[in-house]
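Colleague: Please see the structure below; I have some questions.
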Amino acid sequence: MAIEFPRGGFDNELPTGAKKLPCALLVDTSGSMGAYEDDLKVGVKSLIDALQGDFATAAVVEVMLVFFDDSARIVHPFTNVRSLEVPEIETGGTTHIFEALDLAYSEIRVRQEQYKKSGINSYAPFIVVLTDGHPVGDTDMGIVSAIRKRNEDKKLVPYPFAMGGEADEALLKSLRNDGMAFRVDMENLKDIFEFVSVSLSSIASDVTSVTNDQLPATISII
């Protein structure tokens, strides 16, 4: 497995504060996403800007960025959103989504253990997945059932997004105990990031949850 940072992160300082909300953002950068590199950059920037612009959210939310194509790699380890920067995005290769899910799941568990040792509580972590394709050359070694079980136990919140009409909707729906996933057209990728920022901000402000009727019109439930 080729990743830029070792498991457990790299130079990601232990946070301060009473409670944290870790969010792993997994972005498909396979070859089929080549036409949408600029849209992804705009979307990721909009998410970062929104999170950094809300004081309460910036104090609570930590984000990790994972890109996946022929391999999964951490392009930014868990860190306070104030330190996030828009990464370079280059596309190519296939869709190793299981590897990305396994990497994110492992990093979340490590980060929560770091919280525990520092006396910090955490909200249920988010795993946000954006993909437009099917896994190729990638095998589920039990990670999907592990994520779904933690979602069932209310210890993890997956947000799976199918970009366009060719994504593996069955796989995405299997990540959640309620069997729900979301679809967004490629020309509306920015709306995914805006919705995620609203969801994170709501939890960080101790709002119970974001209801389905708060979804943008461009995002549908599948």
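Residue names in the structure tokens use chain letters A, B, ... in the order shown, residue numbers from 1 in each chain, and ligand numbers from 1 in the order shown.
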Among stretch 43-174 of chain A, which residues carry a DSSP assignment of helix (DSSP H, G or I), reported as number ranges by chain?

Modeller: A: 43-52, 55-60, 81-83, 97-117, 143-152, 169-173

Colleague: List every residue of stretch 71-162 of chain A that has an atom at most 9 Å from any atom of stretch 52-66 of chain A, giving for each one its closest atom pair and the distance in Å to one decimal, counting only C-alpha atoms, sorted by chain and then by ascending residue number, as a Markdown table.

Modeller:
```
| residue | atom | partner | partner_atom | distance |
| --- | --- | --- | --- | --- |
| A:Ala72 | CA | A:Val66 | CA | 6.7 |
| A:Arg73 | CA | A:Val66 | CA | 5.6 |
| A:Ile74 | CA | A:Val66 | CA | 4.5 |
| A:Val75 | CA | A:Leu65 | CA | 5.6 |
| A:His76 | CA | A:Leu65 | CA | 5.0 |
| A:Pro77 | CA | A:Met64 | CA | 4.8 |
| A:Phe78 | CA | A:Met64 | CA | 4.3 |
| A:Thr79 | CA | A:Glu62 | CA | 5.0 |
| A:Asn80 | CA | A:Glu62 | CA | 4.6 |
| A:Val81 | CA | A:Ala58 | CA | 5.6 |
| A:Arg82 | CA | A:Gln52 | CA | 5.6 |
| A:Ser83 | CA | A:Gln52 | CA | 8.9 |
| A:Leu84 | CA | A:Val63 | CA | 7.9 |
| A:Pro87 | CA | A:Leu65 | CA | 8.9 |
| A:Ala100 | CA | A:Val66 | CA | 7.0 |
| A:Leu103 | CA | A:Val66 | CA | 8.4 |
| A:Ala104 | CA | A:Val66 | CA | 7.4 |
| A:Glu107 | CA | A:Met64 | CA | 8.8 |
```

Colleague: Could those selected residues go to a file with N, CA, C and O atoms, as a compact mmCIF listing (two decimals), in the first residue's frame?

Modeller:
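Saved as part.txt:
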```
# COMPACT_ATOMS: atom_id res chain seq x y z
N ALA A 72 -4.27 3.98 -2.41
CA ALA A 72 -4.84 4.99 -1.52
C ALA A 72 -3.70 5.66 -0.78
O ALA A 72 -2.74 5.00 -0.37
N ARG A 73 -3.78 6.96 -0.60
CA ARG A 73 -2.71 7.69 0.07
C ARG A 73 -3.28 8.87 0.83
O ARG A 73 -4.26 9.50 0.40
N ILE A 74 -2.66 9.16 1.95
CA ILE A 74 -3.05 10.31 2.75
C ILE A 74 -2.33 11.53 2.20
O ILE A 74 -1.10 11.59 2.19
N VAL A 75 -3.07 12.51 1.73
CA VAL A 75 -2.44 13.74 1.24
C VAL A 75 -2.45 14.82 2.30
O VAL A 75 -1.76 15.83 2.17
N HIS A 76 -3.24 14.60 3.36
CA HIS A 76 -3.20 15.51 4.51
C HIS A 76 -3.69 14.73 5.72
O HIS A 76 -4.81 14.25 5.74
N PRO A 77 -2.85 14.54 6.74
CA PRO A 77 -3.27 13.78 7.91
C PRO A 77 -4.26 14.57 8.76
O PRO A 77 -4.48 15.77 8.52
N PHE A 78 -4.87 13.92 9.73
CA PHE A 78 -5.82 14.61 10.60
C PHE A 78 -5.18 15.85 11.21
O PHE A 78 -4.11 15.80 11.79
N THR A 79 -5.88 16.95 11.04
CA THR A 79 -5.39 18.20 11.59
C THR A 79 -6.56 19.15 11.76
O THR A 79 -7.61 18.98 11.14
N ASN A 80 -6.37 20.16 12.59
CA ASN A 80 -7.38 21.19 12.73
C ASN A 80 -7.64 21.84 11.38
O ASN A 80 -6.71 22.05 10.59
N VAL A 81 -8.90 22.18 11.11
CA VAL A 81 -9.24 22.70 9.78
C VAL A 81 -8.54 24.01 9.48
O VAL A 81 -8.39 24.37 8.31
N ARG A 82 -8.08 24.73 10.51
CA ARG A 82 -7.38 25.99 10.26
C ARG A 82 -6.07 25.76 9.52
O ARG A 82 -5.54 26.67 8.89
N SER A 83 -5.54 24.54 9.61
CA SER A 83 -4.26 24.23 8.96
C SER A 83 -4.42 23.58 7.59
O SER A 83 -3.43 23.29 6.92
N LEU A 84 -5.66 23.37 7.16
CA LEU A 84 -5.90 22.70 5.88
C LEU A 84 -5.56 23.62 4.71
O LEU A 84 -5.81 24.83 4.75
N PRO A 87 -5.03 20.76 -1.73
CA PRO A 87 -3.92 19.98 -2.30
C PRO A 87 -3.96 19.98 -3.82
O PRO A 87 -4.97 20.31 -4.44
N ALA A 100 -8.79 2.55 0.19
CA ALA A 100 -9.01 3.87 0.78
C ALA A 100 -9.86 3.78 2.03
O ALA A 100 -9.58 4.45 3.04
N LEU A 103 -7.80 2.34 4.87
CA LEU A 103 -6.84 3.33 5.35
C LEU A 103 -7.54 4.36 6.24
O LEU A 103 -7.07 4.68 7.34
N ALA A 104 -8.68 4.87 5.79
CA ALA A 104 -9.40 5.88 6.56
C ALA A 104 -9.91 5.32 7.88
O ALA A 104 -9.79 5.97 8.93
N GLU A 107 -7.01 4.98 10.28
CA GLU A 107 -6.54 6.27 10.76
C GLU A 107 -7.50 6.88 11.77
O GLU A 107 -7.08 7.52 12.74
```

Colleague: Identify which of the residues A:His96, A:Arg183, A:Lys190, A:Arg150 lies closest to A:Ser46, counting only C-alpha atoms when measuring atom-to-atom distances.

Modeller: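 Ranking A:His96, A:Arg183, A:Lys190, A:Arg150 by distance to A:Ser46, first place goes to A:Lys190.
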
Colleague: Measuring atom to atom with only C-alpha atoms, identify which of A:Gly133, A:Pro125, A:Gly43, A:Gly92 is nearest to A:Cys23.

Modeller: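 Using only C-alpha atoms, A:Cys23 sits closest to A:Pro125.
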